[in-house]
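What follows is the content of run-v9.cif (mmCIF, C-alpha atoms and all ligand atoms).
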data_run
#
loop_
_atom_site.label_atom_id
_atom_site.label_comp_id
_atom_site.auth_asym_id
_atom_site.auth_seq_id
_atom_site.Cartn_x
_atom_site.Cartn_y
_atom_site.Cartn_z
CA MET A 1 -34.48 -68.12 -26.82
CA PRO A 2 -35.26 -64.48 -25.92
CA ALA A 3 -32.47 -61.90 -25.78
CA ARG A 4 -30.77 -62.17 -22.37
CA ALA A 5 -29.03 -59.55 -20.24
CA ALA A 6 -27.15 -59.96 -16.96
CA THR A 7 -26.36 -57.43 -14.26
CA ILE A 8 -23.31 -57.78 -12.01
CA ALA A 9 -24.13 -55.43 -9.17
CA GLY A 10 -25.35 -54.90 -5.62
CA SER A 11 -28.87 -55.34 -4.28
CA ASP A 12 -30.90 -52.31 -3.11
CA SER A 13 -33.49 -53.51 -0.59
CA SER A 14 -35.79 -50.58 -1.47
CA GLY A 15 -35.90 -51.59 -5.12
CA GLY A 16 -34.95 -48.27 -6.73
CA ALA A 17 -31.31 -48.86 -7.69
CA GLY A 18 -28.87 -51.76 -8.08
CA ILE A 19 -29.95 -55.25 -9.10
CA GLN A 20 -33.65 -54.52 -8.59
CA ALA A 21 -33.64 -51.45 -10.87
CA ASP A 22 -31.65 -53.39 -13.47
CA ILE A 23 -33.98 -56.40 -13.55
CA LYS A 24 -37.08 -54.17 -13.74
CA THR A 25 -35.52 -52.25 -16.61
CA PHE A 26 -34.50 -55.41 -18.47
CA GLN A 27 -38.08 -56.66 -18.19
CA GLU A 28 -39.60 -53.36 -19.37
CA CYS A 29 -37.17 -53.23 -22.30
CA GLY A 30 -38.18 -56.73 -23.38
CA VAL A 31 -35.16 -58.84 -22.47
CA TYR A 32 -34.76 -61.76 -20.07
CA GLY A 33 -32.89 -60.52 -16.97
CA MET A 34 -30.28 -62.38 -14.90
CA SER A 35 -27.91 -61.37 -12.09
CA VAL A 36 -24.58 -61.90 -10.39
CA ILE A 37 -24.93 -60.25 -6.97
CA THR A 38 -21.76 -58.70 -5.53
CA ALA A 39 -23.13 -57.06 -2.36
CA LEU A 40 -26.33 -56.64 -0.35
CA THR A 41 -27.26 -53.18 0.83
CA ALA A 42 -29.84 -52.30 3.48
CA GLN A 43 -31.06 -49.20 1.71
CA ASN A 44 -34.13 -47.01 1.29
CA THR A 45 -34.95 -43.63 -0.24
CA LEU A 46 -33.29 -41.94 2.76
CA GLY A 47 -29.90 -43.60 2.35
CA VAL A 48 -27.71 -46.70 2.59
CA HIS A 49 -27.77 -48.16 6.13
CA ASP A 50 -25.60 -51.26 5.85
CA VAL A 51 -23.50 -53.11 3.26
CA HIS A 52 -22.73 -56.84 3.23
CA ARG A 53 -20.21 -58.01 0.63
CA ILE A 54 -20.70 -61.40 -1.01
CA PRO A 55 -17.69 -63.77 -0.67
CA ALA A 56 -15.60 -64.04 -3.84
CA ALA A 57 -16.18 -67.80 -4.16
CA HIS A 58 -19.94 -67.27 -4.33
CA ILE A 59 -19.65 -64.42 -6.89
CA ALA A 60 -17.53 -66.79 -9.00
CA ALA A 61 -20.13 -69.56 -8.60
CA GLN A 62 -22.88 -67.25 -9.88
CA PHE A 63 -20.78 -66.41 -12.96
CA ASP A 64 -20.05 -70.07 -13.61
CA ALA A 65 -23.73 -71.04 -13.29
CA LEU A 66 -24.66 -68.57 -16.05
CA GLU A 67 -21.73 -69.51 -18.28
CA GLN A 68 -22.63 -73.21 -18.12
CA ASP A 69 -26.27 -72.75 -19.07
CA VAL A 70 -27.60 -69.29 -19.98
CA ARG A 71 -24.91 -67.03 -21.42
CA PRO A 72 -26.05 -63.41 -21.71
CA ASP A 73 -26.17 -61.41 -24.96
CA ALA A 74 -25.10 -58.31 -23.03
CA VAL A 75 -23.93 -57.61 -19.48
CA LYS A 76 -23.55 -54.59 -17.21
CA THR A 77 -21.56 -53.97 -14.07
CA GLY A 78 -22.79 -51.72 -11.24
CA MET A 79 -21.71 -51.68 -7.58
CA LEU A 80 -18.55 -53.79 -7.27
CA ALA A 81 -17.56 -52.62 -3.76
CA ASP A 82 -13.81 -53.34 -3.79
CA GLY A 83 -10.71 -54.07 -5.85
CA GLY A 84 -10.85 -57.84 -5.26
CA THR A 85 -14.33 -58.02 -6.77
CA ILE A 86 -13.27 -55.88 -9.76
CA HIS A 87 -10.36 -58.26 -10.31
CA LEU A 88 -12.62 -61.34 -10.18
CA VAL A 89 -15.33 -59.79 -12.40
CA SER A 90 -12.89 -58.61 -15.06
CA GLU A 91 -11.11 -61.98 -15.09
CA ARG A 92 -14.42 -63.87 -15.55
CA LEU A 93 -15.69 -61.45 -18.24
CA ALA A 94 -12.42 -61.68 -20.18
CA ASN A 95 -12.27 -65.50 -19.95
CA PHE A 96 -15.93 -66.08 -20.81
CA HIS A 97 -15.93 -63.58 -23.71
CA TRP A 98 -19.43 -62.37 -22.87
CA PRO A 99 -20.34 -59.76 -25.50
CA ASN A 100 -21.51 -56.15 -25.05
CA ILE A 101 -20.01 -55.18 -21.68
CA VAL A 102 -21.50 -52.00 -20.16
CA VAL A 103 -19.49 -50.68 -17.20
CA ASP A 104 -21.35 -48.32 -14.87
CA PRO A 105 -18.49 -47.29 -12.55
CA VAL A 106 -20.66 -46.84 -9.44
CA MET A 107 -18.64 -45.10 -6.70
CA ILE A 108 -20.87 -43.10 -4.36
CA ALA A 109 -24.66 -43.23 -3.75
CA LYS A 110 -26.62 -39.96 -3.94
CA GLY A 111 -26.79 -39.84 -0.12
CA GLY A 112 -22.97 -39.92 0.05
CA THR A 113 -22.33 -43.58 1.00
CA VAL A 114 -19.19 -45.00 -0.60
CA LEU A 115 -20.12 -48.00 -2.79
CA LEU A 116 -16.59 -48.58 -4.13
CA GLU A 117 -13.46 -48.42 -1.95
CA GLU A 118 -11.41 -45.38 -2.96
CA ASN A 119 -8.26 -47.45 -3.58
CA ALA A 120 -10.19 -49.56 -6.13
CA VAL A 121 -10.48 -46.74 -8.68
CA GLU A 122 -7.14 -47.74 -10.18
CA GLN A 123 -8.38 -51.35 -10.62
CA LEU A 124 -11.42 -49.99 -12.47
CA ARG A 125 -9.11 -48.05 -14.78
CA THR A 126 -6.72 -50.89 -15.50
CA HIS A 127 -8.98 -53.99 -15.41
CA LEU A 128 -12.49 -53.02 -16.47
CA LEU A 129 -12.15 -50.04 -18.83
CA PRO A 130 -10.09 -51.95 -21.39
CA ILE A 131 -12.78 -54.64 -21.78
CA ALA A 132 -15.77 -52.26 -21.79
CA THR A 133 -17.96 -51.84 -24.86
CA VAL A 134 -19.47 -48.76 -23.18
CA ILE A 135 -18.58 -47.06 -19.90
CA THR A 136 -21.24 -44.80 -18.33
CA PRO A 137 -19.72 -42.55 -15.62
CA ASN A 138 -21.63 -39.62 -14.15
CA ILE A 139 -19.69 -36.35 -13.91
CA PRO A 140 -17.99 -37.00 -10.51
CA GLU A 141 -17.07 -40.55 -11.60
CA ALA A 142 -15.68 -39.34 -14.95
CA ALA A 143 -13.70 -36.65 -13.10
CA ALA A 144 -12.21 -39.22 -10.69
CA LEU A 145 -11.36 -41.75 -13.42
CA ALA A 146 -9.93 -39.20 -15.88
CA SER A 147 -8.28 -37.00 -13.20
CA ILE A 148 -9.91 -33.85 -14.55
CA VAL A 149 -12.24 -31.14 -13.22
CA ILE A 150 -15.55 -31.04 -15.14
CA HIS A 151 -17.38 -27.69 -15.21
CA SER A 152 -18.41 -27.46 -18.86
CA ARG A 153 -19.32 -29.44 -21.97
CA ASN A 154 -15.71 -29.03 -23.17
CA ASN A 155 -14.49 -30.67 -19.94
CA GLN A 156 -17.08 -33.46 -20.42
CA LEU A 157 -15.63 -34.11 -23.90
CA GLU A 158 -12.03 -34.01 -22.65
CA ALA A 159 -12.88 -36.54 -19.90
CA ALA A 160 -14.50 -38.82 -22.49
CA LYS A 161 -11.38 -38.64 -24.66
CA ARG A 162 -9.13 -39.55 -21.73
CA LEU A 163 -11.33 -42.51 -20.76
CA HIS A 164 -11.34 -43.68 -24.37
CA ASP A 165 -7.52 -43.51 -24.29
CA LEU A 166 -7.62 -45.82 -21.25
CA GLY A 167 -9.29 -48.48 -23.41
CA ALA A 168 -13.08 -48.05 -23.19
CA ARG A 169 -14.43 -48.38 -26.74
CA ASN A 170 -17.35 -45.99 -26.14
CA VAL A 171 -17.66 -43.47 -23.33
CA LEU A 172 -20.94 -41.94 -22.16
CA VAL A 173 -20.33 -39.08 -19.71
CA LYS A 174 -23.77 -38.52 -18.21
CA GLY A 175 -24.98 -35.00 -17.52
CA GLY A 176 -27.31 -35.49 -14.54
CA HIS A 177 -24.82 -33.68 -12.26
CA GLY A 178 -24.08 -30.98 -14.86
CA PRO A 179 -24.67 -27.24 -14.45
CA ASP A 180 -27.39 -26.78 -17.11
CA LYS A 181 -30.72 -25.99 -15.43
CA ASP A 182 -32.96 -26.76 -18.41
CA CYS A 183 -31.25 -29.71 -20.04
CA SER A 184 -29.53 -32.93 -18.97
CA ALA A 185 -26.99 -33.62 -21.72
CA ASP A 186 -25.09 -36.92 -21.93
CA LEU A 187 -22.04 -37.09 -24.21
CA LEU A 188 -21.30 -40.28 -26.16
CA TYR A 189 -17.77 -40.49 -27.60
CA ASP A 190 -16.50 -43.40 -29.71
CA GLY A 191 -12.92 -42.29 -30.34
CA ALA A 192 -13.81 -40.42 -33.52
CA GLU A 193 -17.16 -38.69 -33.04
CA GLY A 194 -19.06 -37.19 -30.13
CA TRP A 195 -22.85 -37.08 -29.80
CA TRP A 196 -24.80 -34.96 -27.33
CA ILE A 197 -27.86 -36.87 -26.24
CA GLU A 198 -30.11 -34.32 -24.63
CA GLY A 199 -33.33 -34.34 -22.70
CA PRO A 200 -35.11 -31.72 -20.62
CA ARG A 201 -34.02 -31.51 -16.97
CA HIS A 202 -36.87 -32.48 -14.63
CA HIS A 203 -36.93 -30.68 -11.28
CA THR A 204 -37.73 -33.53 -8.92
CA MET A 205 -36.40 -35.42 -5.86
CA ARG A 206 -37.38 -38.74 -7.45
CA THR A 207 -34.07 -39.60 -9.11
CA HIS A 208 -32.89 -42.59 -7.05
CA GLY A 209 -31.48 -45.16 -9.44
CA THR A 210 -31.21 -43.01 -12.58
CA GLY A 211 -27.70 -44.21 -13.41
CA CYS A 212 -28.48 -47.90 -12.80
CA THR A 213 -31.63 -47.62 -14.90
CA LEU A 214 -29.93 -45.88 -17.83
CA SER A 215 -27.04 -48.37 -17.97
CA SER A 216 -29.35 -51.38 -17.74
CA ALA A 217 -31.56 -49.98 -20.53
CA ILE A 218 -28.44 -49.56 -22.71
CA THR A 219 -27.50 -53.18 -21.89
CA ALA A 220 -31.00 -54.41 -22.79
CA TYR A 221 -30.96 -52.69 -26.20
CA LEU A 222 -27.45 -53.99 -26.93
CA ALA A 223 -28.71 -57.50 -26.07
CA LYS A 224 -31.49 -56.98 -28.62
CA GLY A 225 -28.92 -56.14 -31.30
CA TYR A 226 -29.11 -52.33 -31.53
CA SER A 227 -25.93 -50.32 -32.20
CA VAL A 228 -24.27 -48.48 -29.31
CA LEU A 229 -25.62 -45.08 -30.48
CA ASP A 230 -29.18 -46.38 -30.95
CA SER A 231 -29.05 -48.22 -27.59
CA VAL A 232 -27.98 -45.04 -25.79
CA ILE A 233 -30.69 -42.94 -27.49
CA LYS A 234 -33.40 -45.49 -26.68
CA ALA A 235 -32.14 -45.79 -23.10
CA LYS A 236 -32.16 -42.00 -22.71
CA GLN A 237 -35.79 -41.92 -23.84
CA TYR A 238 -36.59 -44.65 -21.30
CA ILE A 239 -34.99 -42.77 -18.37
CA HIS A 240 -36.58 -39.50 -19.51
CA MET A 241 -40.04 -41.09 -19.26
CA ALA A 242 -39.18 -42.78 -15.95
CA ILE A 243 -38.24 -39.41 -14.38
CA LYS A 244 -40.94 -37.32 -16.09
CA TYR A 245 -43.88 -39.48 -14.95
CA PRO A 246 -43.06 -40.16 -11.27
CA ILE A 247 -44.46 -42.56 -8.72
CA ALA A 248 -44.63 -41.64 -5.01
CA VAL A 249 -42.51 -44.17 -3.09
CA GLY A 250 -40.67 -43.48 0.19
CA ASN A 251 -39.94 -40.24 2.05
CA GLY A 252 -36.60 -39.23 0.54
CA HIS A 253 -35.08 -39.43 -2.94
CA GLY A 254 -37.79 -41.61 -4.47
CA PRO A 255 -37.13 -44.11 -7.26
CA VAL A 256 -37.79 -43.44 -10.91
CA ASN A 257 -40.88 -44.99 -12.46
CA HIS A 258 -39.66 -48.08 -14.28
CA TRP A 259 -42.98 -48.79 -15.91
CA ALA A 260 -43.80 -45.21 -17.02
CA THR A 261 -43.95 -46.14 -20.69
CA ARG A 262 -46.26 -49.13 -20.07
CA MET A 263 -48.44 -47.30 -17.53
CA LEU A 264 -49.09 -44.46 -19.93
CA ASP A 265 -49.46 -46.79 -22.88
CA ARG A 266 -48.17 -44.10 -25.18
CA GLY A 267 -44.86 -45.39 -26.41
CA GLU A 268 -41.70 -43.36 -26.23
CA ASP A 269 -41.82 -39.62 -25.74
CA SER A 270 -40.06 -37.68 -28.49
CA LEU A 271 -38.60 -34.95 -26.29
CA CYS A 272 -35.05 -36.37 -26.22
CA HIS A 273 -32.87 -35.62 -29.20
CA TYR A 274 -29.25 -36.04 -30.18
CA ILE A 275 -26.83 -33.78 -31.98
CA LYS A 276 -23.31 -34.26 -33.28
CA ASN A 277 -20.65 -32.48 -31.21
N1 LIG B 1 -33.21 -34.22 -13.14
C1 LIG B 1 -33.04 -34.89 -14.28
N2 LIG B 1 -33.80 -34.61 -15.36
C2 LIG B 1 -33.64 -35.29 -16.52
N3 LIG B 1 -32.71 -36.24 -16.70
C3 LIG B 1 -31.91 -36.56 -15.66
C4 LIG B 1 -32.04 -35.91 -14.40
N4 LIG B 1 -31.12 -36.45 -13.55
C5 LIG B 1 -30.46 -37.38 -14.25
N5 LIG B 1 -30.92 -37.45 -15.52
C6 LIG B 1 -30.50 -38.38 -16.56
O1 LIG B 1 -30.45 -39.66 -15.94
C7 LIG B 1 -29.33 -40.40 -16.41
C8 LIG B 1 -28.41 -40.73 -15.23
O2 LIG B 1 -27.67 -39.57 -14.96
P1 LIG B 1 -26.83 -39.16 -13.69
O3 LIG B 1 -27.73 -38.60 -12.65
O4 LIG B 1 -25.76 -38.26 -14.19
O5 LIG B 1 -26.24 -40.56 -13.20
P2 LIG B 1 -26.06 -41.21 -11.74
O6 LIG B 1 -27.42 -41.66 -11.29
O7 LIG B 1 -25.12 -42.33 -12.02
O8 LIG B 1 -25.50 -40.16 -10.85
C9 LIG B 1 -28.69 -39.52 -17.50
O9 LIG B 1 -29.25 -39.82 -18.76
C10 LIG B 1 -29.08 -38.11 -17.08
O10 LIG B 1 -29.05 -37.20 -18.14
C1 LIG B 2 -26.83 -51.33 -4.69
C2 LIG B 2 -26.70 -49.98 -5.32
N1 LIG B 2 -26.09 -49.88 -6.51
C3 LIG B 2 -25.93 -48.67 -7.09
C4 LIG B 2 -26.42 -47.54 -6.48
C5 LIG B 2 -26.25 -46.19 -7.12
O1 LIG B 2 -27.27 -46.05 -7.99
P1 LIG B 2 -27.50 -44.80 -8.97
O2 LIG B 2 -28.27 -45.27 -10.14
O3 LIG B 2 -26.21 -44.13 -9.23
O4 LIG B 2 -28.45 -43.91 -8.14
P2 LIG B 2 -28.31 -43.19 -6.76
O5 LIG B 2 -28.22 -44.16 -5.65
O6 LIG B 2 -27.07 -42.36 -6.89
O7 LIG B 2 -29.56 -42.43 -6.69
C6 LIG B 2 -27.09 -47.69 -5.26
N2 LIG B 2 -27.59 -46.63 -4.62
N3 LIG B 2 -27.20 -48.92 -4.69
#

Rewrite the structure from the file as structure tokens, please.
Amino acid sequence: MPARAATIAGSDSSGGAGIQADIKTFQECGVYGMSVITALTAQNTLGVHDVHRIPAAHIAAQFDALEQDVRPDAVKTGMLADGGTIHLVSERLANFHWPNIVVDPVMIAKGGTVLLEENAVEQLRTHLLPIATVITPNIPEAAALASIVIHSRNNQLEAAKRLHDLGARNVLVKGGHGPDKDCSADLLYDGAEGWWIEGPRHHTMRTHGTGCTLSSAITAYLAKGYSVLDSVIKAKQYIHMAIKYPIAVGNGHGPVNHWATRMLDRGEDSLCHYIKN
């Protein structure tokens, strides 16, 4: 059987983020992709226009269908919408013992639409963080979860330490929203060591779905058996290529190019590098 990855997330009708971005990324990274859909969004590159939550019984049925037949080698969570869904997802993940759990704590879309009810942040902290192999907050999400203001790399590290203390085994605080104009630096912290995984900052509007794409690439490489550090480095190279070589889709914040590596037929770019903190 091929390596298998599952995404537990919301659908983006325009295909740039959510379930669609995750499945495209799984495919490009060479793993078999599966999904548990938590919400449907009517969305395009201009924004999120409507959200329809999936009833809990049907989310549970999707989980059970995978468990009974095609267990994943790694799994990620994305848009979970509300506390009830977080509760159900964390209960299923804990009971099924699915390995390699990547938690992307999606809270707000780039256009400003709330994708997780504000009062569900505590459920994320107490239910999902403790079972996460890796958590991948962006800077505003890390700030909200760790109750800290993030203006600098030192703050990024402090947030990572606090989230590790809450139970996440590895914490990746992504730097896309950081202040550095030339570099987008993500910090990986495992409780002992910190690694800065850096790539050049691309000045572009086509960044819809960057977080979903990075976390699903990490999930794919974990499913293939890479270590957490190697999975994050390979995923960073994948997102770097997907932003650097854009495709023109839509009139707003366009999606990243999920097949950049294949289209260029040139393998992975070597511009990303990592350094010990
Ligand atoms: N303009 C950019 N140039 C290069 N890398 C970027 C850019 N924007 C985001 N990234 C990278 O994309 C990934 C997702 O980052 P981020 O934007 O922080 O997440 P989110 O989409 O969840 O807000 C990270 O690896 C980050 O460094
Ligand atoms: C259905 C759905 N899930 C997640 C997001 C957020 O995706 P992200 O990768 O953080 O990218 P942006 O939307 O912030 O560009 C989403 N929009 N829709």

Select the residues contacting ligand LIG 1 (chain B) at a distance of at most 8 Å, based on only C-alpha atoms and all ligand atoms, then format the selection as a PDB file with C-alpha atoms, keeping the file's coordinate frame.
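Result file out.pdb:
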ATOM      1  CA  ASP A 104     -21.350 -48.320 -14.870  1.00  0.00           C
ATOM      2  CA  VAL A 106     -20.660 -46.840  -9.440  1.00  0.00           C
ATOM      3  CA  ALA A 109     -24.660 -43.230  -3.750  1.00  0.00           C
ATOM      4  CA  LYS A 110     -26.620 -39.960  -3.940  1.00  0.00           C
ATOM      5  CA  THR A 136     -21.240 -44.800 -18.330  1.00  0.00           C
ATOM      6  CA  PRO A 137     -19.720 -42.550 -15.620  1.00  0.00           C
ATOM      7  CA  ASN A 138     -21.630 -39.620 -14.150  1.00  0.00           C
ATOM      8  CA  ILE A 139     -19.690 -36.350 -13.910  1.00  0.00           C
ATOM      9  CA  VAL A 173     -20.330 -39.080 -19.710  1.00  0.00           C
ATOM     10  CA  LYS A 174     -23.770 -38.520 -18.210  1.00  0.00           C
ATOM     11  CA  GLY A 175     -24.980 -35.000 -17.520  1.00  0.00           C
ATOM     12  CA  GLY A 176     -27.310 -35.490 -14.540  1.00  0.00           C
ATOM     13  CA  HIS A 177     -24.820 -33.680 -12.260  1.00  0.00           C
ATOM     14  CA  GLY A 178     -24.080 -30.980 -14.860  1.00  0.00           C
ATOM     15  CA  CYS A 183     -31.250 -29.710 -20.040  1.00  0.00           C
ATOM     16  CA  SER A 184     -29.530 -32.930 -18.970  1.00  0.00           C
ATOM     17  CA  ALA A 185     -26.990 -33.620 -21.720  1.00  0.00           C
ATOM     18  CA  ASP A 186     -25.090 -36.920 -21.930  1.00  0.00           C
ATOM     19  CA  GLU A 198     -30.110 -34.320 -24.630  1.00  0.00           C
ATOM     20  CA  GLY A 199     -33.330 -34.340 -22.700  1.00  0.00           C
ATOM     21  CA  PRO A 200     -35.110 -31.720 -20.620  1.00  0.00           C
ATOM     22  CA  ARG A 201     -34.020 -31.510 -16.970  1.00  0.00           C
ATOM     23  CA  HIS A 202     -36.870 -32.480 -14.630  1.00  0.00           C
ATOM     24  CA  HIS A 203     -36.930 -30.680 -11.280  1.00  0.00           C
ATOM     25  CA  THR A 204     -37.730 -33.530  -8.920  1.00  0.00           C
ATOM     26  CA  THR A 207     -34.070 -39.600  -9.110  1.00  0.00           C
ATOM     27  CA  HIS A 208     -32.890 -42.590  -7.050  1.00  0.00           C
ATOM     28  CA  GLY A 209     -31.480 -45.160  -9.440  1.00  0.00           C
ATOM     29  CA  THR A 210     -31.210 -43.010 -12.580  1.00  0.00           C
ATOM     30  CA  GLY A 211     -27.700 -44.210 -13.410  1.00  0.00           C
ATOM     31  CA  CYS A 212     -28.480 -47.900 -12.800  1.00  0.00           C
ATOM     32  CA  THR A 213     -31.630 -47.620 -14.900  1.00  0.00           C
ATOM     33  CA  LEU A 214     -29.930 -45.880 -17.830  1.00  0.00           C
ATOM     34  CA  ALA A 235     -32.140 -45.790 -23.100  1.00  0.00           C
ATOM     35  CA  LYS A 236     -32.160 -42.000 -22.710  1.00  0.00           C
ATOM     36  CA  ILE A 239     -34.990 -42.770 -18.370  1.00  0.00           C
ATOM     37  CA  HIS A 240     -36.580 -39.500 -19.510  1.00  0.00           C
ATOM     38  CA  ILE A 243     -38.240 -39.410 -14.380  1.00  0.00           C
ATOM     39  CA  LYS A 244     -40.940 -37.320 -16.090  1.00  0.00           C
TER      40      LYS A 244
END

Exercise. Which is closest to ligand LIG 2 (chain B) among A:Asn277, A:Asn44, A:Gln123, A:Gln62, if we use all atoms listed in the file?
Worked result: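 Under the stated criterion, the closest residue is A:Asn44.
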
For this session: Name the residues in contact with Glu91 of chain A at a cut-off of 12 Å, using only C-alpha atoms, excluding same-chain residues fewer than 4 positions from it; report them as a VMD selection string.
Result: chain A and resid 60 63 84 to 87 95 to 98 123 126 to 128 130 to 131

Exercise. Nearest to ligand LIG 2 (chain B): which of A:Met1, A:Ala61, A:Ala217, A:Leu88 is it, counting all atoms listed in the file?
Worked result: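 So, comparing all the options, the nearest one is A:Ala217.
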
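Note that atom CA of His151 of chain A and atom CA of Leu188 of chain A are 17.1 Å apart.
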
Exercise. What does the distance between atom CA of Ile197 of chain A and atom CA of Val232 of chain A come to in Å, to one decimal place?
Worked result: 8.2 Å

For this session: Using atom CA of Ala94 of chain A and atom CA of Ala5 of chain A as the two end points, give the distance in Å to one decimal.
Result: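 Answer for the atom CA of Ala94 of chain A to atom CA of Ala5 of chain A separation: 16.7 Å.
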
Problem set entry | Who sits within 9 Å of Val228 of chain A, all atoms listed in the file, same chain under 5 positions skipped, as a PyMOL selection string | chain A and resi 133-134+170+218+221-222+233

Could you work out an axis-aligned box for ligand LIG 2 (chain B), taking every atom the file lists and adding 3 Å on each side, and report centre and edge lengths in Å to one decimal, as AutoDock Vina command-line options?
--center_x -27.7 --center_y -46.8 --center_z -7.4 --size_x 9.6 --size_y 15.0 --size_z 11.5

For this session: Could you give me, as a ChimeraX atom specification, the residues within 7 Å of His258 of chain A, counting all atoms listed in the file and dropping anything in the same chain fewer than 6 positions from it?
Result: /A:24-25,242

Take the selection from the previous step and output its residues with C-alpha atoms, as a PDB file, keeping the file's coordinate frame.
ATOM      1  CA  LYS A  24     -37.080 -54.170 -13.740  1.00  0.00           C
ATOM      2  CA  THR A  25     -35.520 -52.250 -16.610  1.00  0.00           C
ATOM      3  CA  ALA A 242     -39.180 -42.780 -15.950  1.00  0.00           C
TER       4      ALA A 242
END

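Closest approach to ligand LIG 2 (chain B) from the set A:Gly33, A:Gly252, A:Pro246, A:Gly225 is made by A:Gly252, with distances taken over all atoms listed in the file.
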
For this session: With a distance cut-off of 12 Å and all atoms listed in the file, select the neighbouring residues of His49 of chain A, excluding the residue or stretch itself and same-chain residues fewer than 5 positions from it, and output the selection as a list of chain:residue names.
Result: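 Here the answer would be A:Asp12, A:Ser13, A:Ser14, A:Leu40, A:Thr41, A:Ala42, A:Gln43, A:Asn44, A:Ala109, A:Gly111, A:Gly112, A:Thr113, A:Val114, A:Leu115.
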
Generate a file of the selected residues that holds C-alpha atoms, formatted as a PDB file, in the frame of the given file.
ATOM      1  CA  ASP A  12     -30.900 -52.310  -3.110  1.00  0.00           C
ATOM      2  CA  SER A  13     -33.490 -53.510  -0.590  1.00  0.00           C
ATOM      3  CA  SER A  14     -35.790 -50.580  -1.470  1.00  0.00           C
ATOM      4  CA  LEU A  40     -26.330 -56.640  -0.350  1.00  0.00           C
ATOM      5  CA  THR A  41     -27.260 -53.180   0.830  1.00  0.00           C
ATOM      6  CA  ALA A  42     -29.840 -52.300   3.480  1.00  0.00           C
ATOM      7  CA  GLN A  43     -31.060 -49.200   1.710  1.00  0.00           C
ATOM      8  CA  ASN A  44     -34.130 -47.010   1.290  1.00  0.00           C
ATOM      9  CA  ALA A 109     -24.660 -43.230  -3.750  1.00  0.00           C
ATOM     10  CA  GLY A 111     -26.790 -39.840  -0.120  1.00  0.00           C
ATOM     11  CA  GLY A 112     -22.970 -39.920   0.050  1.00  0.00           C
ATOM     12  CA  THR A 113     -22.330 -43.580   1.000  1.00  0.00           C
ATOM     13  CA  VAL A 114     -19.190 -45.000  -0.600  1.00  0.00           C
ATOM     14  CA  LEU A 115     -20.120 -48.000  -2.790  1.00  0.00           C
TER      15      LEU A 115
END

For this session: Kindly extract all protein, DNA and RNA residues lying within 8 Å of the coordinates (-15.3, -39.1, -22.0) given in the file, considering all atoms listed in the file, and supply them as a list in words.
Result: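 Those residues lying close to the given coordinates are Ala142, Gln156, Leu157, Glu158, Ala159, Ala160, Lys161, Arg162, Leu163, His164, Val171, Leu172, Val173, Leu187, Leu188 and Tyr189 of chain A.
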
Exercise. A:Gly15, A:Gly194, A:Gly250, A:Gly10: which is nearest ligand LIG 2 (chain B), counting all atoms listed in the file?
Worked result: A:Gly10

For this session: Point out the residue among A:Thr261, A:Ser90, A:Gln20, A:Asn119 with the least atom-to-atom distance to ligand LIG 2 (chain B), counting only C-alpha atoms and all ligand atoms.
Result: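 With only C-alpha atoms and all ligand atoms as the atom set, the closest residue is A:Gln20.
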
Exercise. Which residue gives the smallest distance to ligand LIG 2 (chain B) among A:Arg4, A:Arg153, A:Arg71, A:Arg53, with only C-alpha atoms and all ligand atoms counted?
Worked result: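 Checking each candidate against ligand LIG 2 (chain B), we get A:Arg53 as the closest.
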
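Residues in contact with Pro99 of chain A at up to 9 Å, not including ones fewer than 2 positions away on its chain and judged by all atoms listed in the file, are Pro72, Asp73, Ala74, Val75, Leu93, His97, Ile101, Thr133 and Ala223 of chain A.
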